[in-house]
Amino acid sequence: MGSQGGFGQSKEFLDLVKSIGESRSKAEEDRIVLREIETLRRRITEPDIPKRKMKEYIIRLVYIEMLGHDASFGYIHAVKMTHDDSLLLKRTGYLAVTLFLNEDHDLIILIVNTIQKDLKSDNFLVVCAALNAVCKLINDETIPAVLQQVVELLYHPKEAVRKKAVMALHRFYQRSPSSVTHLVTNFRKKLCDNDPGVMGATLCPLFDLIMIDVNSHKDLVGSFVSILKQVAERRLPKSYDYHQTPAPFIQIKLLKILALLGSGDKQSSEQMYTIIGDIMRRSDTTSNIGNAILYECICCVSSIHPSPKLFGAAADAIAKLLKSDVHNLRYMGIDALGRLIRINPEVAEQHQLAVIDCLEDPDDTLKRKTFELLYKMTKSSNVEVIVDRMIEYMISINDNHYKTEIASRCVELAEQFAPSNRWFIQTMNKVFQHAGDLVNPKVAHNLMRLIAEGFGEDDDTADSQLRSSAVESYLRIMGEPKLPSTFLQVICWVLGEYGTADGKYSASYIGGKLCDVAEAHSSDDTVKAYAVTALMKVCSYEKAAGRKLDMLSECQSLIESLSASHSTDLQQRAYELKAIISLDGIAMENIMPLDASCEDIEVIDKSLSFLNSYVQKSLEEGAKPYLTEHERSRTRNISNFRNHDHHDASTHSLRFEAYEVPKPVISARLPPTASLTELAAVREQSYQREVHRSPSVGSLSDKGSQELRLRLDGVQKKWGRPTYSSAASPSTSDSESHTVNGTGKGKSFEPSSRRQPEVEIPEEKQKLAASLFGGTTSKSEKKQSGGGIKGSKATRSTADQTRATTAVVHPPVDLLDFGEPSGAASGSSSTVDPFKQLEGLVDTNQYSNVSKDPDLLSLYSDAASTSGQNQNQETGNLSHGSGNRTTKGPNLKDALGKDALVRQMGVTPATQNPNLFKDLLG
Amino acid sequence: MGIRFVLMVNKQGQTRLAQYYEYLTLEERRALEGEIVRKCLARNEQQCSFVEHRTYKIVYRRYASLFFLVGVDNEEVSRAHTFTIMCPNELAILEFIHLLVETMDRHFGNVCELDIMFHLEKAHFMLEEMVMNGCIVETSKANILAPIQLMDKAS
């Protein structure tokens, strides 16, 4: 029986599949699968199982794993099946193995040998099956075992093999770039393969290569442009068409590559302008795939060196997307807008109402995308509205992953653009209150530092205002239940430092509040530690100021209870507190100076000379002399010189020489007899230092991650600085019209006047729009953009010229003229040998013997013509656009037929599940 | 393109086909599939066909009783890098799903859920031709089906 429903499988298998298909719940499905596991466990070890039967067992194993149960007992049988001579069985075996095993599984070693053998097979389908397995199962260690064979297969006569060999090499590159660095030129050669499938596949590895290193691939810009041109002009076989669009997936991949190559490169970008413009003009905006290409064009336009003409086309395309009723298209529109504002933020203004609609849409996906856009267009004039909205949304969602993300975005925007201290503190409070346990602890440290240091302007009153408003808001909030631990730490620290600073609150009031915190969070040692230390500070400031300190009884009982705490840290803090408050005011002032958390510690006696006698004594008793860190690392380096460049690595590496006999530990570095008070002071300060250091360390170590570093140098204008160097400052036809007709003031009115005609918009929405988009750019910004336009006008005209000349000089490189029956565009390519032109691109002698093989060409054109026929049938079946079938056969009858067939096989389902027979495309 | 997995799941949330392009343990897959399916099945027809989930962006499409879900890389957009090239083209993935269904339809003839269940390996073979290393490598239906037809003939 064929594939068409004559299932050719045993009744047992059909029963299994049907019962799985008709199970109504996960629990029922699990029962079926568990029973199946028992059956298979018994059966699969029986001797002399016919091969067909075995294949069925293997598929049943696949079902077991797919439905979430362990089928490892049968893995070895799948491995065995890869040895089978029958192609179908072999490929099924490989499929099962790739589904079951990861590349580091022990059984892989048993398959490598089979793969090696199969890669040599005469049957190209066997080679293909093996190459599929290579892509999934070969790891760094086993690459050398098959590498040579894979490279040879790049030049196999069958295009299917070449294609998979390219992907296998791509996989090796992904796994271990160093293993194939000497082979990457093969990808360039395969770009010129005369089979479009191979060419299309090669775009994947090339994309990866170009992403890593753009500059060494700039010479390929011309080839990519000409391939794209030919694809867009329908020069590929019809079988690559999808809904009347020529090879859309290849077009999209090419546009992605061009976006990389043209980024920040005017010369390369100019080569692309014409073809991108053509594709945008031609794209069918009524179909999904047409819009997918259009979207990719917009991405490309926003990535490459700006072209005013393309920018205009992209803006128009976005307008269309945003006006659509279809959510998917609006989503793409919002995303595209987020890219285009990179070139000119003003483009967002004309879409403000559409953006607000998306923001208020109940669809979460659309909402998030819109927040992403707003995040990108935040500036000091709209930060309040945007961050407030973000927080509102953050509070409403449960998804912790996204909550974390949006919280850190709020923090980032608030730090960067905060219009006032009060707003900043309030915003941070909200973020911490609702997502305090999710945000990076560094954010908390940053906040403390910011409150301590102020905004960096030499304005002490502003700084103390900031502190007062922080203290005030914290006192209000801290009684609330369920505050996150990080937030409480910040609160305690700030109250300790600044609680009594402005004289508004008494020390006993603050002290009482701190005790409340410690008591309310008795299970959180960190919070308690912060509270006790804060209490200590409040007390000592009070005493240092000469006031009489009266401890509340609750404070005293807290300290007593902490003195007996299980945590040694808490105990020590409690004892220190007791020791300190018994000292006099002057000593206090020295130990706990007021508002000195930002000051550097002055070490009075750096050499610790008061320890000299102690050290001397220890040395006489046989202790090892102290070595400085530098000296220590040097001796280490001598003993294991291989780690010379990594200090860190050397400490973790194995030692091969014997350890020396342990001696009684005598630390000459730490003053063991340092007084309690000294310890306390040092600890407080050293903590501060850590806070100071952490952001810079963080930014060094994870540059890519969220930038948590504070911008303390005043508020920055996001769009103030041009994205490109001043000579290449971005400009648009849009902004041109803006700036031409007047000064900054005139411009600020323009958006509102433009909005006037749309009368029916609710006032509230308009207000929101105005607050989001109304913020005008500063004069200096305008000046810059004005200058940029002049510059780019000039460059544009030269660009036009160069474009014109290049068009004349170089007829398009004909990479993919595969001899289409229609003979389209024969004029342009008639005089030029397409492959001759390409020879410059690649190593000639290696390349030419493959590409000029005449057999291949004829083979290919055969395939092209048959696939063309198929395509015609296909288009007859398919309706235009969304791809819903209109002229499809009577699917009810078909379904009934299938049902009847299953029944004939003797399968009698317990319950009916008509869904199983439902025509998917119907 | 960064496809991380392709799933077919029915209305009841039962997996009908699963192919991952990165290794996840059985437990991880089970959890992931459960979470994603819950998320996608709760959405209505008017909403976007895209859902964010952890580090994935899920593009899904419903055909009769069967959901096709494709998980792609969801590169986080940071302010420092206001654009990321690696971002997926969600619409293209959506159409890729349709191409897969059309291809299966051409092979099976009015493809239904049961066809995929009875011929699980064939559905996998088609996917193997179309996607390798998480990239879309073949989009010509003729090329995708050729090896499967040859195999049918041979056996």
# chains A, B, ... in the order shown; residues from 1 in each chain; ligands from 1
>>> interface_residues(of="chain B", to="chain A", cutoff="6 Å", atoms="only C-alpha atoms", output="list in words")
Arg30, Gln47, Cys48, Val51, Tyr63, Ala64, Ser65, Leu91, Ala92, Phe108, Asn110, Val111, Cys112, Glu113, Leu114, Val137, Ser140 and Ala142 of chain B
>>> select_by_dssp(residues="stretch 58-117 of chain B", states="alpha helix (DSSP H)", output="list in words")
Glu90, Leu91, Ala92, Ile93, Leu94, Glu95, Phe96, Ile97, His98, Leu99, Leu100, Val101, Glu102, Thr103, Met104, Asp105, Arg106, His107, Phe108, Glu113, Leu114, Asp115, Ile116 and Met117 of chain B
>>> select_by_dssp(residues="chain B", states="strand (DSSP E or B)", output="JSON, numbers by chain")
{"B": [3, 4, 5, 6, 7, 8, 9, 10, 15, 16, 17, 18, 19, 20, 50, 51, 52, 53, 56, 57, 58, 59, 60, 61, 62, 63, 66, 67, 68, 69, 70, 71, 72, 73, 112, 131, 132, 135, 136]}
>>> atom_distance(atom1="atom CA of A:Gln572", atom2="atom CA of A:Ala531")
13.5 Å
>>> atom_distance(atom1="atom CA of A:Val214", atom2="atom CA of A:Ser268")
11.4 Å
>>> closest_residue(among="A:Thr568, A:Ile108, A:Asp195, A:Tyr575", to="B:Glu138", atoms="only C-alpha atoms")
A:Asp195
>>> residues_around(residues="B:Val6", least_positions_apart="3", cutoff="6 Å", atoms="only C-alpha atoms", output="PyMOL selection string")
chain B and resi 18-19+69-70
>>> decode(residues="stretch 44-60 of chain B", atoms="all heavy atoms", output="PDB file, in the first residue's frame")
ATOM      1  N   ASN B  44      -7.134  33.925  21.477  1.00  0.00           N
ATOM      2  CA  ASN B  44      -8.209  33.825  20.497  1.00  0.00           C
ATOM      3  C   ASN B  44      -7.707  34.166  19.097  1.00  0.00           C
ATOM      4  O   ASN B  44      -6.552  34.538  18.902  1.00  0.00           O
ATOM      5  CB  ASN B  44      -9.397  34.701  20.900  1.00  0.00           C
ATOM      6  CG  ASN B  44      -9.032  36.170  20.900  1.00  0.00           C
ATOM      7  OD1 ASN B  44      -8.283  36.642  20.048  1.00  0.00           O
ATOM      8  ND2 ASN B  44      -9.563  36.909  21.863  1.00  0.00           N
ATOM      9  N   GLU B  45      -8.608  34.026  18.159  1.00  0.00           N
ATOM     10  CA  GLU B  45      -8.239  34.151  16.748  1.00  0.00           C
ATOM     11  C   GLU B  45      -7.755  35.560  16.384  1.00  0.00           C
ATOM     12  O   GLU B  45      -6.940  35.724  15.489  1.00  0.00           O
ATOM     13  CB  GLU B  45      -9.445  33.799  15.871  1.00  0.00           C
ATOM     14  CG  GLU B  45      -9.943  32.372  16.064  1.00  0.00           C
ATOM     15  CD  GLU B  45      -9.347  31.431  15.038  1.00  0.00           C
ATOM     16  OE1 GLU B  45      -9.096  31.879  13.915  1.00  0.00           O
ATOM     17  OE2 GLU B  45      -9.115  30.259  15.368  1.00  0.00           O
ATOM     18  N   GLN B  46      -8.322  36.553  17.083  1.00  0.00           N
ATOM     19  CA  GLN B  46      -7.973  37.923  16.697  1.00  0.00           C
ATOM     20  C   GLN B  46      -6.570  38.306  17.178  1.00  0.00           C
ATOM     21  O   GLN B  46      -5.949  39.195  16.624  1.00  0.00           O
ATOM     22  CB  GLN B  46      -8.980  38.917  17.283  1.00  0.00           C
ATOM     23  CG  GLN B  46     -10.281  38.985  16.509  1.00  0.00           C
ATOM     24  CD  GLN B  46     -11.169  37.780  16.811  1.00  0.00           C
ATOM     25  OE1 GLN B  46     -11.377  37.442  17.965  1.00  0.00           O
ATOM     26  NE2 GLN B  46     -11.656  37.123  15.764  1.00  0.00           N
ATOM     27  N   GLN B  47      -6.119  37.670  18.215  1.00  0.00           N
ATOM     28  CA  GLN B  47      -4.833  38.074  18.782  1.00  0.00           C
ATOM     29  C   GLN B  47      -3.671  37.670  17.875  1.00  0.00           C
ATOM     30  O   GLN B  47      -3.834  36.859  16.970  1.00  0.00           O
ATOM     31  CB  GLN B  47      -4.679  37.436  20.164  1.00  0.00           C
ATOM     32  CG  GLN B  47      -5.679  38.013  21.163  1.00  0.00           C
ATOM     33  CD  GLN B  47      -5.560  37.381  22.526  1.00  0.00           C
ATOM     34  OE1 GLN B  47      -5.524  36.168  22.644  1.00  0.00           O
ATOM     35  NE2 GLN B  47      -5.509  38.193  23.555  1.00  0.00           N
ATOM     36  N   CYS B  48      -2.536  38.269  18.147  1.00  0.00           N
ATOM     37  CA  CYS B  48      -1.340  37.966  17.360  1.00  0.00           C
ATOM     38  C   CYS B  48      -1.036  36.473  17.403  1.00  0.00           C
ATOM     39  O   CYS B  48      -1.313  35.809  18.396  1.00  0.00           O
ATOM     40  CB  CYS B  48      -0.122  38.672  17.943  1.00  0.00           C
ATOM     41  SG  CYS B  48      -0.112  40.428  17.723  1.00  0.00           S
ATOM     42  N   SER B  49      -0.418  35.993  16.346  1.00  0.00           N
ATOM     43  CA  SER B  49       0.001  34.594  16.329  1.00  0.00           C
ATOM     44  C   SER B  49       1.375  34.420  16.960  1.00  0.00           C
ATOM     45  O   SER B  49       2.040  33.432  16.725  1.00  0.00           O
ATOM     46  CB  SER B  49       0.062  34.093  14.892  1.00  0.00           C
ATOM     47  OG  SER B  49      -1.069  34.477  14.189  1.00  0.00           O
ATOM     48  N   PHE B  50       1.792  35.417  17.717  1.00  0.00           N
ATOM     49  CA  PHE B  50       3.123  35.357  18.320  1.00  0.00           C
ATOM     50  C   PHE B  50       2.990  35.509  19.836  1.00  0.00           C
ATOM     51  O   PHE B  50       2.205  36.306  20.314  1.00  0.00           O
ATOM     52  CB  PHE B  50       4.003  36.487  17.797  1.00  0.00           C
ATOM     53  CG  PHE B  50       3.785  36.810  16.349  1.00  0.00           C
ATOM     54  CD1 PHE B  50       3.485  38.100  15.952  1.00  0.00           C
ATOM     55  CD2 PHE B  50       3.849  35.820  15.384  1.00  0.00           C
ATOM     56  CE1 PHE B  50       3.266  38.409  14.619  1.00  0.00           C
ATOM     57  CE2 PHE B  50       3.636  36.116  14.056  1.00  0.00           C
ATOM     58  CZ  PHE B  50       3.344  37.408  13.664  1.00  0.00           C
ATOM     59  N   VAL B  51       3.786  34.716  20.539  1.00  0.00           N
ATOM     60  CA  VAL B  51       3.775  34.810  22.000  1.00  0.00           C
ATOM     61  C   VAL B  51       5.211  34.747  22.479  1.00  0.00           C
ATOM     62  O   VAL B  51       5.999  33.972  21.962  1.00  0.00           O
ATOM     63  CB  VAL B  51       2.993  33.621  22.616  1.00  0.00           C
ATOM     64  CG1 VAL B  51       3.052  33.678  24.122  1.00  0.00           C
ATOM     65  CG2 VAL B  51       1.561  33.627  22.160  1.00  0.00           C
ATOM     66  N   GLU B  52       5.519  35.566  23.460  1.00  0.00           N
ATOM     67  CA  GLU B  52       6.849  35.465  24.040  1.00  0.00           C
ATOM     68  C   GLU B  52       6.797  34.491  25.197  1.00  0.00           C
ATOM     69  O   GLU B  52       5.857  34.500  25.985  1.00  0.00           O
ATOM     70  CB  GLU B  52       7.302  36.825  24.549  1.00  0.00           C
ATOM     71  CG  GLU B  52       7.831  37.701  23.443  1.00  0.00           C
ATOM     72  CD  GLU B  52       8.196  39.081  23.935  1.00  0.00           C
ATOM     73  OE1 GLU B  52       8.737  39.188  25.037  1.00  0.00           O
ATOM     74  OE2 GLU B  52       7.920  40.038  23.208  1.00  0.00           O
ATOM     75  N   HIS B  53       7.796  33.667  25.278  1.00  0.00           N
ATOM     76  CA  HIS B  53       7.869  32.758  26.412  1.00  0.00           C
ATOM     77  C   HIS B  53       9.324  32.554  26.787  1.00  0.00           C
ATOM     78  O   HIS B  53      10.088  32.001  26.011  1.00  0.00           O
ATOM     79  CB  HIS B  53       7.224  31.418  26.079  1.00  0.00           C
ATOM     80  CG  HIS B  53       7.233  30.461  27.221  1.00  0.00           C
ATOM     81  ND1 HIS B  53       6.391  30.585  28.284  1.00  0.00           N
ATOM     82  CD2 HIS B  53       8.024  29.401  27.485  1.00  0.00           C
ATOM     83  CE1 HIS B  53       6.649  29.623  29.154  1.00  0.00           C
ATOM     84  NE2 HIS B  53       7.639  28.891  28.702  1.00  0.00           N
ATOM     85  N   ARG B  54       9.669  32.991  27.963  1.00  0.00           N
ATOM     86  CA  ARG B  54      11.062  32.941  28.405  1.00  0.00           C
ATOM     87  C   ARG B  54      11.969  33.506  27.311  1.00  0.00           C
ATOM     88  O   ARG B  54      11.774  34.619  26.868  1.00  0.00           O
ATOM     89  CB  ARG B  54      11.464  31.516  28.763  1.00  0.00           C
ATOM     90  CG  ARG B  54      10.678  31.016  29.943  1.00  0.00           C
ATOM     91  CD  ARG B  54      10.987  29.554  30.203  1.00  0.00           C
ATOM     92  NE  ARG B  54      10.091  29.038  31.211  1.00  0.00           N
ATOM     93  CZ  ARG B  54      10.307  29.148  32.505  1.00  0.00           C
ATOM     94  NH1 ARG B  54      11.395  29.725  32.942  1.00  0.00           N
ATOM     95  NH2 ARG B  54       9.434  28.687  33.376  1.00  0.00           N
ATOM     96  N   THR B  55      12.930  32.687  26.887  1.00  0.00           N
ATOM     97  CA  THR B  55      13.836  33.210  25.864  1.00  0.00           C
ATOM     98  C   THR B  55      13.354  32.880  24.460  1.00  0.00           C
ATOM     99  O   THR B  55      14.069  33.089  23.497  1.00  0.00           O
ATOM    100  CB  THR B  55      15.247  32.632  26.055  1.00  0.00           C
ATOM    101  OG1 THR B  55      15.127  31.213  26.060  1.00  0.00           O
ATOM    102  CG2 THR B  55      15.845  33.084  27.356  1.00  0.00           C
ATOM    103  N   TYR B  56      12.155  32.346  24.363  1.00  0.00           N
ATOM    104  CA  TYR B  56      11.639  31.998  23.048  1.00  0.00           C
ATOM    105  C   TYR B  56      10.594  32.994  22.587  1.00  0.00           C
ATOM    106  O   TYR B  56       9.907  33.605  23.388  1.00  0.00           O
ATOM    107  CB  TYR B  56      10.946  30.632  23.081  1.00  0.00           C
ATOM    108  CG  TYR B  56      11.807  29.486  23.529  1.00  0.00           C
ATOM    109  CD1 TYR B  56      11.632  28.907  24.773  1.00  0.00           C
ATOM    110  CD2 TYR B  56      12.784  28.980  22.687  1.00  0.00           C
ATOM    111  CE1 TYR B  56      12.407  27.848  25.177  1.00  0.00           C
ATOM    112  CE2 TYR B  56      13.560  27.920  23.086  1.00  0.00           C
ATOM    113  CZ  TYR B  56      13.368  27.354  24.329  1.00  0.00           C
ATOM    114  OH  TYR B  56      14.136  26.299  24.727  1.00  0.00           O
ATOM    115  N   LYS B  57      10.488  33.086  21.298  1.00  0.00           N
ATOM    116  CA  LYS B  57       9.294  33.672  20.726  1.00  0.00           C
ATOM    117  C   LYS B  57       8.584  32.533  20.005  1.00  0.00           C
ATOM    118  O   LYS B  57       9.190  31.841  19.193  1.00  0.00           O
ATOM    119  CB  LYS B  57       9.661  34.787  19.753  1.00  0.00           C
ATOM    120  CG  LYS B  57       8.447  35.461  19.185  1.00  0.00           C
ATOM    121  CD  LYS B  57       8.782  36.838  18.672  1.00  0.00           C
ATOM    122  CE  LYS B  57       8.893  37.825  19.812  1.00  0.00           C
ATOM    123  NZ  LYS B  57       9.529  39.058  19.403  1.00  0.00           N
ATOM    124  N   ILE B  58       7.329  32.322  20.339  1.00  0.00           N
ATOM    125  CA  ILE B  58       6.574  31.235  19.734  1.00  0.00           C
ATOM    126  C   ILE B  58       5.694  31.808  18.636  1.00  0.00           C
ATOM    127  O   ILE B  58       4.965  32.768  18.868  1.00  0.00           O
ATOM    128  CB  ILE B  58       5.658  30.542  20.759  1.00  0.00           C
ATOM    129  CG1 ILE B  58       6.333  30.395  22.109  1.00  0.00           C
ATOM    130  CG2 ILE B  58       5.125  29.237  20.203  1.00  0.00           C
ATOM    131  CD1 ILE B  58       7.359  29.371  22.227  1.00  0.00           C
ATOM    132  N   VAL B  59       5.807  31.238  17.461  1.00  0.00           N
ATOM    133  CA  VAL B  59       4.913  31.592  16.367  1.00  0.00           C
ATOM    134  C   VAL B  59       4.013  30.385  16.161  1.00  0.00           C
ATOM    135  O   VAL B  59       4.512  29.275  16.010  1.00  0.00           O
ATOM    136  CB  VAL B  59       5.718  31.888  15.088  1.00  0.00           C
ATOM    137  CG1 VAL B  59       4.778  32.245  13.952  1.00  0.00           C
ATOM    138  CG2 VAL B  59       6.715  33.014  15.337  1.00  0.00           C
ATOM    139  N   TYR B  60       2.712  30.597  16.204  1.00  0.00           N
ATOM    140  CA  TYR B  60       1.837  29.424  16.112  1.00  0.00           C
ATOM    141  C   TYR B  60       0.713  29.664  15.123  1.00  0.00           C
ATOM    142  O   TYR B  60       0.367  30.803  14.797  1.00  0.00           O
ATOM    143  CB  TYR B  60       1.276  29.071  17.490  1.00  0.00           C
ATOM    144  CG  TYR B  60       0.276  30.065  18.016  1.00  0.00           C
ATOM    145  CD1 TYR B  60      -1.085  29.885  17.819  1.00  0.00           C
ATOM    146  CD2 TYR B  60       0.711  31.190  18.702  1.00  0.00           C
ATOM    147  CE1 TYR B  60      -2.001  30.805  18.294  1.00  0.00           C
ATOM    148  CE2 TYR B  60      -0.189  32.112  19.180  1.00  0.00           C
ATOM    149  CZ  TYR B  60      -1.551  31.926  18.976  1.00  0.00           C
ATOM    150  OH  TYR B  60      -2.439  32.841  19.435  1.00  0.00           O
TER     151      TYR B  60
END
